[in-house]
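Next comes run-v2.cif, with mmCIF, C-alpha atoms.
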```cif
data_upload
#
loop_
_atom_site.group_PDB
_atom_site.id
_atom_site.type_symbol
_atom_site.label_atom_id
_atom_site.label_comp_id
_atom_site.auth_asym_id
_atom_site.auth_seq_id
_atom_site.Cartn_x
_atom_site.Cartn_y
_atom_site.Cartn_z
ATOM 1 C CA MET E 1 243.325 59.460 56.130
ATOM 2 C CA SER E 2 241.923 56.247 57.586
ATOM 3 C CA ALA E 3 241.118 55.667 61.233
ATOM 4 C CA THR E 4 243.260 52.531 61.469
ATOM 5 C CA PRO E 5 245.088 52.346 64.807
ATOM 6 C CA HIS E 6 248.623 53.577 64.599
ATOM 7 C CA PRO E 7 251.247 51.262 66.084
ATOM 8 C CA ALA E 8 252.267 54.054 68.422
ATOM 9 C CA LEU E 9 248.698 54.687 69.616
ATOM 10 C CA PRO E 10 248.651 54.682 73.450
ATOM 11 C CA ALA E 11 246.643 51.834 74.941
ATOM 12 C CA ALA E 12 244.204 54.289 76.521
ATOM 13 C CA TYR E 13 242.645 54.981 73.136
ATOM 14 C CA GLY E 14 240.474 52.655 71.081
ATOM 15 C CA ASP E 15 241.354 54.402 67.851
ATOM 16 C CA ALA E 16 243.010 57.515 66.461
ATOM 17 C CA ARG E 17 239.671 59.324 66.346
ATOM 18 C CA GLN E 18 239.243 58.967 70.100
ATOM 19 C CA ARG E 19 242.820 60.147 70.630
ATOM 20 C CA ASP E 20 242.171 63.226 68.471
ATOM 21 C CA LEU E 21 239.012 64.038 70.411
ATOM 22 C CA ALA E 22 240.846 63.732 73.747
ATOM 23 C CA ASN E 23 243.637 65.974 72.430
ATOM 24 C CA HIS E 24 241.211 68.643 71.315
ATOM 25 C CA LEU E 25 239.162 68.554 74.516
ATOM 26 C CA GLY E 26 242.284 68.879 76.650
ATOM 27 C CA MET E 27 243.662 71.740 74.577
ATOM 28 C CA TRP E 28 240.364 73.620 74.560
ATOM 29 C CA ALA E 29 240.026 73.173 78.323
ATOM 30 C CA PHE E 30 243.474 74.769 78.641
ATOM 31 C CA ILE E 31 242.503 77.589 76.268
ATOM 32 C CA SER E 32 239.370 78.214 78.364
ATOM 33 C CA THR E 33 241.571 78.757 81.418
ATOM 34 C CA GLU E 34 243.660 81.138 79.314
ATOM 35 C CA VAL E 35 240.519 83.066 78.315
ATOM 36 C CA LEU E 36 239.835 83.656 82.008
ATOM 37 C CA PHE E 37 243.509 84.393 82.731
ATOM 38 C CA PHE E 38 243.534 87.243 80.200
ATOM 39 C CA GLY E 39 239.899 87.965 81.076
ATOM 40 C CA GLY E 40 240.869 89.321 84.494
ATOM 41 C CA LEU E 41 243.058 91.930 82.834
ATOM 42 C CA PHE E 42 240.338 92.824 80.331
ATOM 43 C CA LEU E 43 237.920 93.261 83.243
ATOM 44 C CA ALA E 44 240.333 95.610 85.024
ATOM 45 C CA TYR E 45 240.780 97.478 81.744
ATOM 46 C CA PHE E 46 237.031 97.998 81.239
ATOM 47 C CA ILE E 47 236.451 99.154 84.816
ATOM 48 C CA TYR E 48 239.248 101.718 84.744
ATOM 49 C CA ARG E 49 238.520 102.874 81.225
ATOM 50 C CA LEU E 50 234.883 103.540 82.180
ATOM 51 C CA THR E 51 236.057 105.343 85.308
ATOM 52 C CA TYR E 52 238.786 107.435 83.637
ATOM 53 C CA PRO E 53 237.831 107.757 79.940
ATOM 54 C CA ALA E 54 239.854 110.911 79.252
ATOM 55 C CA ALA E 55 243.056 109.589 80.849
ATOM 56 C CA PHE E 56 242.787 106.338 78.890
ATOM 57 C CA ALA E 57 242.323 108.283 75.640
ATOM 58 C CA ALA E 58 245.413 110.334 76.515
ATOM 59 C CA GLY E 59 247.372 107.159 77.318
ATOM 60 C CA SER E 60 246.284 105.514 74.066
ATOM 61 C CA ALA E 61 247.448 108.592 72.141
ATOM 62 C CA THR E 62 251.015 108.033 73.395
ATOM 63 C CA LEU E 63 251.118 104.607 71.684
ATOM 64 C CA ASN E 64 252.390 104.164 68.152
ATOM 65 C CA PHE E 65 249.290 103.512 66.013
ATOM 66 C CA TRP E 66 251.247 102.267 62.989
ATOM 67 C CA LYS E 67 253.382 99.815 64.922
ATOM 68 C CA GLY E 68 250.271 98.375 66.566
ATOM 69 C CA THR E 69 248.487 98.086 63.225
ATOM 70 C CA ILE E 70 251.447 96.510 61.411
ATOM 71 C CA ASN E 71 251.942 94.087 64.284
ATOM 72 C CA THR E 72 248.306 92.994 64.017
ATOM 73 C CA GLY E 73 248.886 92.198 60.340
ATOM 74 C CA VAL E 74 252.129 90.352 61.160
ATOM 75 C CA LEU E 75 250.370 88.203 63.745
ATOM 76 C CA LEU E 76 247.425 87.447 61.452
ATOM 77 C CA GLY E 77 249.972 86.398 58.822
ATOM 78 C CA SER E 78 251.668 84.090 61.316
ATOM 79 C CA SER E 79 248.295 82.450 61.988
ATOM 80 C CA LEU E 80 247.932 81.846 58.257
ATOM 81 C CA THR E 81 251.365 80.203 57.967
ATOM 82 C CA MET E 82 250.628 78.032 61.016
ATOM 83 C CA ALA E 83 247.266 76.935 59.603
ATOM 84 C CA LEU E 84 249.022 76.139 56.306
ATOM 85 C CA GLY E 85 251.619 74.033 58.127
ATOM 86 C CA ASP E 86 248.839 72.058 59.783
ATOM 87 C CA ALA E 87 247.132 71.505 56.428
ATOM 88 C CA TYR E 88 250.408 70.410 54.805
ATOM 89 C CA ILE E 89 251.308 67.801 57.429
ATOM 90 C CA LYS E 90 247.808 66.357 57.042
ATOM 91 C CA ARG E 91 248.812 65.769 53.433
ATOM 92 C CA GLY E 92 252.080 64.236 54.596
ATOM 93 C CA ASN E 93 254.222 67.124 53.330
ATOM 94 C CA ARG E 94 256.883 67.403 56.035
ATOM 95 C CA ARG E 95 259.097 69.780 54.112
ATOM 96 C CA ALA E 96 256.244 72.268 53.676
ATOM 97 C CA LEU E 97 255.390 71.887 57.366
ATOM 98 C CA GLY E 98 258.963 72.797 58.314
ATOM 99 C CA LEU E 99 258.900 75.865 56.072
ATOM 100 C CA CYS E 100 255.522 76.985 57.433
ATOM 101 C CA VAL E 101 256.567 76.597 61.080
ATOM 102 C CA ALA E 102 259.811 78.449 60.364
ATOM 103 C CA ALA E 103 257.839 81.246 58.654
ATOM 104 C CA THR E 104 255.490 81.419 61.654
ATOM 105 C CA ALA E 105 258.474 81.698 63.988
ATOM 106 C CA VAL E 106 260.047 84.453 61.871
ATOM 107 C CA LEU E 107 256.777 86.426 61.907
ATOM 108 C CA GLY E 108 256.561 85.894 65.668
ATOM 109 C CA ILE E 109 260.089 87.267 66.061
ATOM 110 C CA ILE E 110 259.235 90.269 63.854
ATOM 111 C CA PHE E 111 256.216 90.948 66.079
ATOM 112 C CA LEU E 112 258.335 90.821 69.230
ATOM 113 C CA ALA E 113 261.036 93.005 67.651
ATOM 114 C CA ILE E 114 258.469 95.687 66.775
ATOM 115 C CA LYS E 115 257.014 95.324 70.271
ATOM 116 C CA ALA E 116 260.499 95.840 71.730
ATOM 117 C CA THR E 117 260.903 99.116 69.818
ATOM 118 C CA GLU E 118 257.538 100.217 71.225
ATOM 119 C CA TYR E 119 258.694 99.443 74.755
ATOM 120 C CA GLN E 120 261.850 101.422 73.969
ATOM 121 C CA GLU E 121 259.685 104.381 72.869
ATOM 122 C CA MET E 122 257.740 104.165 76.120
ATOM 123 C CA TYR E 123 261.007 104.101 78.043
ATOM 124 C CA ALA E 124 262.232 107.194 76.206
ATOM 125 C CA LYS E 125 258.962 108.972 77.043
ATOM 126 C CA HIS E 126 259.340 107.977 80.725
ATOM 127 C CA LEU E 127 256.168 105.917 80.590
ATOM 128 C CA VAL E 128 257.330 102.712 82.279
ATOM 129 C CA PRO E 129 255.695 101.580 85.518
ATOM 130 C CA GLY E 130 258.203 101.153 88.327
ATOM 131 C CA LEU E 131 260.414 103.927 86.992
ATOM 132 C CA PRO E 132 259.670 107.592 87.681
ATOM 133 C CA PHE E 133 256.954 108.779 85.316
ATOM 134 C CA ALA E 134 257.413 111.927 83.253
ATOM 135 C CA PRO E 135 256.066 114.948 85.127
ATOM 136 C CA GLY E 136 252.455 115.740 84.344
ATOM 137 C CA VAL E 137 251.359 112.158 83.647
ATOM 138 C CA ALA E 138 248.103 111.877 85.570
ATOM 139 C CA PRO E 139 247.735 108.910 87.956
ATOM 140 C CA ALA E 140 244.842 107.569 85.881
ATOM 141 C CA GLU E 141 247.005 107.709 82.744
ATOM 142 C CA GLN E 142 249.701 105.820 84.644
ATOM 143 C CA LEU E 143 247.027 103.194 85.244
ATOM 144 C CA PHE E 144 246.542 102.887 81.490
ATOM 145 C CA VAL E 145 250.299 102.522 81.002
ATOM 146 C CA PHE E 146 250.400 99.850 83.689
ATOM 147 C CA LEU E 147 247.598 97.908 81.984
ATOM 148 C CA TYR E 148 249.317 98.365 78.625
ATOM 149 C CA PHE E 149 252.486 96.732 79.919
ATOM 150 C CA ALA E 150 250.656 94.022 81.867
ATOM 151 C CA MET E 151 248.465 93.027 78.927
ATOM 152 C CA THR E 152 251.045 93.262 76.141
ATOM 153 C CA GLY E 153 253.702 91.772 78.441
ATOM 154 C CA LEU E 154 251.590 88.723 79.265
ATOM 155 C CA HIS E 155 250.800 88.419 75.568
ATOM 156 C CA ALA E 156 254.505 88.682 74.649
ATOM 157 C CA LEU E 157 255.320 86.011 77.239
ATOM 158 C CA HIS E 158 252.869 83.701 75.497
ATOM 159 C CA MET E 159 254.579 84.471 72.190
ATOM 160 C CA LEU E 160 257.992 83.645 73.672
ATOM 161 C CA ILE E 161 256.645 80.314 74.910
ATOM 162 C CA GLY E 162 255.232 79.790 71.430
ATOM 163 C CA LEU E 163 258.654 80.394 69.875
ATOM 164 C CA GLY E 164 260.144 77.758 72.179
ATOM 165 C CA LEU E 165 257.409 75.301 71.216
ATOM 166 C CA MET E 166 258.077 75.973 67.531
ATOM 167 C CA ALA E 167 261.758 75.123 68.009
ATOM 168 C CA TRP E 168 260.572 71.836 69.514
ATOM 169 C CA LEU E 169 258.192 71.227 66.574
ATOM 170 C CA LEU E 170 260.989 71.849 64.075
ATOM 171 C CA ARG E 171 263.167 69.360 65.956
ATOM 172 C CA LEU E 172 260.393 66.718 65.950
ATOM 173 C CA ASN E 173 259.910 67.331 62.247
ATOM 174 C CA ARG E 174 263.629 67.011 61.474
ATOM 175 C CA ARG E 175 263.643 63.664 63.245
ATOM 176 C CA GLY E 176 260.698 62.539 61.149
ATOM 177 C CA GLN E 177 258.401 62.230 64.151
ATOM 178 C CA LEU E 178 255.587 64.188 62.547
ATOM 179 C CA THR E 179 253.685 62.307 59.876
ATOM 180 C CA MET E 180 250.401 62.378 58.008
ATOM 181 C CA THR E 181 248.722 60.273 60.708
ATOM 182 C CA ASP E 182 250.728 61.433 63.725
ATOM 183 C CA HIS E 183 250.848 65.201 63.958
ATOM 184 C CA ALA E 184 248.987 66.052 67.157
ATOM 185 C CA PRO E 185 251.769 68.411 68.368
ATOM 186 C CA VAL E 186 251.348 70.543 65.233
ATOM 187 C CA GLU E 187 247.583 70.697 65.596
ATOM 188 C CA MET E 188 247.663 71.441 69.341
ATOM 189 C CA PHE E 189 250.373 74.069 68.987
ATOM 190 C CA GLY E 190 248.327 75.628 66.183
ATOM 191 C CA LEU E 191 245.368 76.033 68.549
ATOM 192 C CA TYR E 192 247.633 77.744 71.085
ATOM 193 C CA TRP E 193 249.164 80.090 68.529
ATOM 194 C CA HIS E 194 245.806 81.072 67.019
ATOM 195 C CA PHE E 195 244.469 81.759 70.497
ATOM 196 C CA VAL E 196 247.394 84.053 71.277
ATOM 197 C CA ASP E 197 246.639 85.801 67.968
ATOM 198 C CA CYS E 198 242.997 86.231 69.069
ATOM 199 C CA VAL E 199 244.089 87.901 72.308
ATOM 200 C CA TRP E 200 246.030 90.469 70.303
ATOM 201 C CA VAL E 201 243.041 91.018 68.001
ATOM 202 C CA PHE E 202 241.234 92.421 71.066
ATOM 203 C CA LEU E 203 244.247 94.185 72.593
ATOM 204 C CA TYR E 204 244.810 96.152 69.391
ATOM 205 C CA PRO E 205 241.564 98.191 69.355
ATOM 206 C CA LEU E 206 241.387 98.478 73.147
ATOM 207 C CA LEU E 207 244.920 99.826 73.575
ATOM 208 C CA TYR E 208 245.681 101.614 70.304
ATOM 209 C CA LEU E 209 242.330 102.819 69.017
ATOM 210 C CA ILE E 210 240.769 104.751 71.906
ATOM 211 C CA PRO E 211 239.182 107.799 70.250
ATOM 212 C CA ARG E 212 239.930 111.232 71.623
ATOM 213 C CA ARG E 213 236.876 113.428 71.889
ATOM 214 C CA MET T 1 237.090 64.431 62.960
ATOM 215 C CA ASN T 2 239.398 66.716 61.063
ATOM 216 C CA SER T 3 240.553 64.379 58.348
ATOM 217 C CA GLY T 4 240.027 65.467 54.801
ATOM 218 C CA ASP T 5 239.575 69.101 55.723
ATOM 219 C CA SER T 6 243.029 70.154 54.670
ATOM 220 C CA SER T 7 242.152 72.344 51.708
ATOM 221 C CA LEU T 8 244.264 75.467 51.487
ATOM 222 C CA ARG T 9 241.852 77.840 49.775
ATOM 223 C CA PRO T 10 239.651 78.600 52.841
ATOM 224 C CA LEU T 11 242.827 79.456 54.774
ATOM 225 C CA PHE T 12 243.916 82.088 52.259
ATOM 226 C CA GLY T 13 240.340 83.372 52.007
ATOM 227 C CA THR T 14 240.141 83.733 55.773
ATOM 228 C CA PHE T 15 243.457 85.559 55.904
ATOM 229 C CA ALA T 16 242.259 87.971 53.196
ATOM 230 C CA ALA T 17 239.062 88.595 55.173
ATOM 231 C CA LEU T 18 241.089 89.221 58.342
ATOM 232 C CA ILE T 19 243.260 91.792 56.572
ATOM 233 C CA VAL T 20 240.159 93.521 55.150
ATOM 234 C CA LEU T 21 238.718 93.711 58.684
ATOM 235 C CA LEU T 22 242.023 95.071 60.003
ATOM 236 C CA THR T 23 242.020 97.744 57.282
ATOM 237 C CA LEU T 24 238.419 98.634 58.181
ATOM 238 C CA THR T 25 239.133 99.008 61.882
ATOM 239 C CA ALA T 26 242.330 101.007 61.287
ATOM 240 C CA GLY T 27 240.590 103.106 58.623
ATOM 241 C CA ALA T 28 237.666 103.864 60.937
ATOM 242 C CA THR T 29 240.032 105.911 63.110
ATOM 243 C CA ALA T 30 240.072 108.527 60.318
ATOM 244 C CA LEU T 31 236.349 109.108 60.859
ATOM 245 C CA PRO T 32 235.227 111.662 63.429
ATOM 246 C CA PRO T 33 235.089 109.756 66.744
ATOM 247 C CA GLY T 34 231.768 109.068 68.389
ATOM 248 C CA TRP T 35 230.128 106.827 70.967
ATOM 249 C CA TRP T 36 230.133 104.049 68.397
ATOM 250 C CA SER T 37 233.912 104.054 67.795
ATOM 251 C CA THR T 38 234.866 101.515 70.462
ATOM 252 C CA PRO T 39 231.780 99.288 69.999
ATOM 253 C CA LEU T 40 232.542 99.203 66.260
ATOM 254 C CA SER T 41 236.199 98.287 66.745
ATOM 255 C CA LEU T 42 235.218 95.599 69.268
ATOM 256 C CA LEU T 43 232.603 94.270 66.846
ATOM 257 C CA ILE T 44 235.274 93.994 64.142
ATOM 258 C CA ALA T 45 237.643 92.319 66.628
ATOM 259 C CA GLY T 46 234.856 89.849 67.458
ATOM 260 C CA ALA T 47 234.375 89.103 63.755
ATOM 261 C CA LYS T 48 238.125 88.497 63.367
ATOM 262 C CA ALA T 49 238.176 86.203 66.401
ATOM 263 C CA ALA T 50 235.150 84.309 65.071
ATOM 264 C CA LEU T 51 236.954 83.716 61.765
ATOM 265 C CA ILE T 52 240.093 82.524 63.548
ATOM 266 C CA PHE T 53 238.100 80.221 65.822
ATOM 267 C CA THR T 54 235.949 78.675 63.115
ATOM 268 C CA VAL T 55 238.489 78.298 60.309
ATOM 269 C CA PHE T 56 242.050 78.383 61.676
ATOM 270 C CA MET T 57 241.126 76.608 64.910
ATOM 271 C CA ARG T 58 238.775 74.299 63.006
ATOM 272 C CA LEU T 59 235.734 74.653 65.249
ATOM 273 C CA ARG T 60 233.661 74.606 62.049
ATOM 274 C CA THR T 61 234.430 70.928 61.589
ATOM 275 C CA GLN T 62 234.403 69.897 65.265
ATOM 276 C CA GLY T 63 231.637 68.089 67.073
ATOM 277 C CA GLY T 64 229.417 69.565 69.768
ATOM 278 C CA LEU T 65 231.525 68.453 72.714
ATOM 279 C CA VAL T 66 234.657 70.257 71.523
ATOM 280 C CA ARG T 67 232.600 73.381 70.763
ATOM 281 C CA VAL T 68 231.174 73.365 74.284
ATOM 282 C CA PHE T 69 234.716 73.127 75.696
ATOM 283 C CA ALA T 70 235.792 75.966 73.419
ATOM 284 C CA LEU T 71 232.961 78.233 74.547
ATOM 285 C CA ALA T 72 233.186 77.371 78.263
ATOM 286 C CA GLY T 73 235.858 79.992 78.952
ATOM 287 C CA PHE T 74 233.846 82.708 77.208
ATOM 288 C CA PHE T 75 230.723 81.644 79.071
ATOM 289 C CA PHE T 76 232.386 82.156 82.439
ATOM 290 C CA LEU T 77 234.136 85.327 81.247
ATOM 291 C CA THR T 78 230.711 86.705 80.325
ATOM 292 C CA ILE T 79 229.444 85.975 83.847
ATOM 293 C CA LEU T 80 232.514 87.726 85.269
ATOM 294 C CA LEU T 81 232.003 90.808 83.082
ATOM 295 C CA VAL T 82 228.207 91.026 83.460
ATOM 296 C CA LEU T 83 228.147 90.642 87.241
ATOM 297 C CA THR T 84 230.999 93.110 87.680
ATOM 298 C CA ALA T 85 229.223 95.556 85.378
ATOM 299 C CA ALA T 86 226.029 95.116 87.398
ATOM 300 C CA ASP T 87 227.952 96.176 90.489
ATOM 301 C CA PHE T 88 229.875 98.944 88.760
ATOM 302 C CA PHE T 89 226.881 100.655 87.189
ATOM 303 C CA THR T 90 224.606 100.462 90.234
ATOM 304 C CA ARG T 91 226.967 101.213 93.116
ATOM 305 C CA THR T 92 227.122 104.746 94.470
ATOM 306 C CA TRP T 93 230.413 105.381 96.173
ATOM 307 C CA PRO T 94 230.280 107.388 99.378
ATOM 308 C CA VAL T 95 232.577 110.110 98.060
#
```
Before anything else, please render the file you have as structure tokens.
Amino acid sequence: MSATPHPALPAAYGDARQRDLANHLGMWAFISTEVLFFGGLFLAYFIYRLTYPAAFAAGSATLNFWKGTINTGVLLGSSLTMALGDAYIKRGNRRALGLCVAATAVLGIIFLAIKATEYQEMYAKHLVPGLPFAPGVAPAEQLFVFLYFAMTGLHALHMLIGLGLMAWLLRLNRRGQLTMTDHAPVEMFGLYWHFVDCVWVFLYPLLYLIPRR
Amino acid sequence: MNSGDSSLRPLFGTFAALIVLLTLTAGATALPPGWWSTPLSLLIAGAKAALIFTVFMRLRTQGGLVRVFALAGFFFLTILLVLTAADFFTRTWPV
């Protein structure tokens, strides 16, 4: 790919290289704010887990280990398909990009569907904050359940936004607005999606894998 | 800045490594639990995140400025966690 100015290059940029740098800086600045956004919840998690280790272990034991593990694999797979889509559009392969984004969206939907069945399980066990808890659930364990819903819920919200953005990407691609030299939306969305994947990579051990002693 | 780095093989290799790490962390739950269980699973999560950041998010091929932007959030998160921990571990509540 050459660095020749694209006809559609905004006047603010001297060349495509400068535009790419500005795109990446802006996206990473946004991701840094997201790190701190989720970071507040992780902080609350660590404080309460250190304060109530036994209750958090008991809360973790009520989660479905296999669904959490499979979902981690599903999300890692969706990161692979997204990275492939990015690589394909850089080669000018729009058809492959469309397939990769569609595959990423399908994996994202599978993740959310599995997540929904987990929420359903929690509902059946009367472990949903705001509704009456099952008798005998200690207040500290309720705290774990609250953090579970807050953290996975915020994560799921990010996935839903991601699904909407993928619909937009597919539309841009169908209209031929993503090309070998002009594909910033794909690259920037990829950064977002991989970041959301990274959040789950930490949620998985912290929520599902608390050892019982 | 990212041109030319569109080879597919590192992407598949990274995915394979991520799945191996996932298997390790899930498999480690079969071991008798100990003080190291959570640090180990967090270490593996950190390794996974590092792979995603360097390969999938292309930090490997980015210049210094983008890397600084990428690490800024973690820098401030570290301050948040360390200072809160300093308070948490040294405060004695008047119970």
Can you report as JSON the centre and edge lengths in Å, to one decimal, of an axis-aligned box around the listed atoms of segment 204-208 of chain E padded with 6 Å on each side?
```
{"center_x": 243.5, "center_y": 98.9, "center_z": 71.5, "size_x": 16.3, "size_y": 17.5, "size_z": 16.2}
```
message: Calculated over all atoms listed in the file, which of the candidates E:Pro211, E:Gly136, E:Gly39, E:Gly92 has the smallest distance to Asn173 of chain E?
response: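 Checking each of E:Pro211, E:Gly136, E:Gly39, E:Gly92 against Asn173 of chain E, counting all atoms listed in the file, the winner is E:Gly92.
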field: Minimum-distance residue to chain T, chosen among E:Ala102, E:Cys198, E:Met82, E:Leu207 (using only C-alpha atoms)
entry: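 Among the listed residues, E:Cys198 lies closest to chain T.
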task: Convert the output of the PyMOL selection byres ((chain E and resi 93) around 12) on the shown file into explicit residues, formatted as a PyMOL selection string.
output: (chain E and resi 84-92+94-100+173+176+178-181+183) or (chain T and resi 6)
So that each row is one residue of chain E with an atom at most 7 Å from chain T, can you give its shortest atom pair and the distance in Å to one decimal, using only C-alpha atoms, rows by chain and rising number, as CSV?
```
residue,atom,partner,partner_atom,distance
E:Met1,CA,T:Ser3,CA,6.1
E:Arg17,CA,T:Met1,CA,6.6
E:His24,CA,T:Val66,CA,6.8
E:Leu25,CA,T:Val66,CA,5.7
E:Trp28,CA,T:Ala70,CA,5.3
E:Ala29,CA,T:Phe69,CA,5.9
E:Ser32,CA,T:Gly73,CA,4.0
E:Thr33,CA,T:Gly73,CA,6.3
E:Val35,CA,T:Gly73,CA,5.6
E:Leu36,CA,T:Leu77,CA,6.0
E:Gly39,CA,T:Leu77,CA,6.3
E:Leu43,CA,T:Leu81,CA,6.4
E:Gly73,CA,T:Ile19,CA,6.8
E:Leu80,CA,T:Phe15,CA,6.3
E:Ala83,CA,T:Phe56,CA,5.8
E:Leu84,CA,T:Leu8,CA,6.8
E:Ala87,CA,T:Ser6,CA,4.7
E:Lys90,CA,T:Ser6,CA,6.5
E:Leu191,CA,T:Met57,CA,5.6
E:His194,CA,T:Met57,CA,6.8
E:Cys198,CA,T:Ala49,CA,5.5
E:Val201,CA,T:Ala45,CA,5.7
E:Phe202,CA,T:Ala45,CA,5.7
E:Pro205,CA,T:Ser41,CA,6.0
E:Ile210,CA,T:Thr38,CA,6.9
E:Pro211,CA,T:Pro33,CA,5.7
E:Arg213,CA,T:Pro33,CA,6.6
```
Those selected residues, please, written with C-alpha atoms and delivered as a PDB file, in the frame of the given file.
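Result file again.pdb:
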```
ATOM      1  CA  MET E   1     243.325  59.460  56.130  1.00  0.00           C
ATOM      2  CA  ARG E  17     239.671  59.324  66.346  1.00  0.00           C
ATOM      3  CA  HIS E  24     241.211  68.643  71.315  1.00  0.00           C
ATOM      4  CA  LEU E  25     239.162  68.554  74.516  1.00  0.00           C
ATOM      5  CA  TRP E  28     240.364  73.620  74.560  1.00  0.00           C
ATOM      6  CA  ALA E  29     240.026  73.173  78.323  1.00  0.00           C
ATOM      7  CA  SER E  32     239.370  78.214  78.364  1.00  0.00           C
ATOM      8  CA  THR E  33     241.571  78.757  81.418  1.00  0.00           C
ATOM      9  CA  VAL E  35     240.519  83.066  78.315  1.00  0.00           C
ATOM     10  CA  LEU E  36     239.835  83.656  82.008  1.00  0.00           C
ATOM     11  CA  GLY E  39     239.899  87.965  81.076  1.00  0.00           C
ATOM     12  CA  LEU E  43     237.920  93.261  83.243  1.00  0.00           C
ATOM     13  CA  GLY E  73     248.886  92.198  60.340  1.00  0.00           C
ATOM     14  CA  LEU E  80     247.932  81.846  58.257  1.00  0.00           C
ATOM     15  CA  ALA E  83     247.266  76.935  59.603  1.00  0.00           C
ATOM     16  CA  LEU E  84     249.022  76.139  56.306  1.00  0.00           C
ATOM     17  CA  ALA E  87     247.132  71.505  56.428  1.00  0.00           C
ATOM     18  CA  LYS E  90     247.808  66.357  57.042  1.00  0.00           C
ATOM     19  CA  LEU E 191     245.368  76.033  68.549  1.00  0.00           C
ATOM     20  CA  HIS E 194     245.806  81.072  67.019  1.00  0.00           C
ATOM     21  CA  CYS E 198     242.997  86.231  69.069  1.00  0.00           C
ATOM     22  CA  VAL E 201     243.041  91.018  68.001  1.00  0.00           C
ATOM     23  CA  PHE E 202     241.234  92.421  71.066  1.00  0.00           C
ATOM     24  CA  PRO E 205     241.564  98.191  69.355  1.00  0.00           C
ATOM     25  CA  ILE E 210     240.769 104.751  71.906  1.00  0.00           C
ATOM     26  CA  PRO E 211     239.182 107.799  70.250  1.00  0.00           C
ATOM     27  CA  ARG E 213     236.876 113.428  71.889  1.00  0.00           C
TER      28      ARG E 213
END
```
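For the choices E:Gly40, E:Gly68, E:Gly59, E:Pro53, the atom-to-atom distance to Phe144 of chain E is smallest for E:Gly59 when using all atoms listed in the file.
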task: Tell me, in Å to one decimal, how far atom CA of Trp93 of chain T is from atom CA of Thr51 of chain E.
output: 12.2 Å
task: Taking the file as shown, find all residues satisfying the PyMOL selection byres ((chain E and resi 189) around 12) and write them as a PyMOL selection string.
output: (chain E and resi 23-24+27-28+30-31+79+82-83+85-86+101+104+158-159+161-170+183-188+190-196) or (chain T and resi 56-57)
Best match for closeness to Phe111 of chain E among E:Ala44, E:Tyr208, E:Leu160, E:Gly14, counting only C-alpha atoms: E:Leu160
message: Quick check, in Å to one decimal: how far apart do atom CA of Phe56 of chain E and atom CA of Leu143 of chain E lie?
response: 8.3 Å
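What separates atom CA of Ala134 of chain E from atom CA of Arg49 of chain E is a distance of 21.0 Å.
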query: Pick the closest to Trp66 of chain E from E:Tyr123, E:Tyr52, E:Phe37, E:Tyr204: which is it, counting all atoms listed in the file?
result: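 Under the stated criterion, the closest residue is E:Tyr204.
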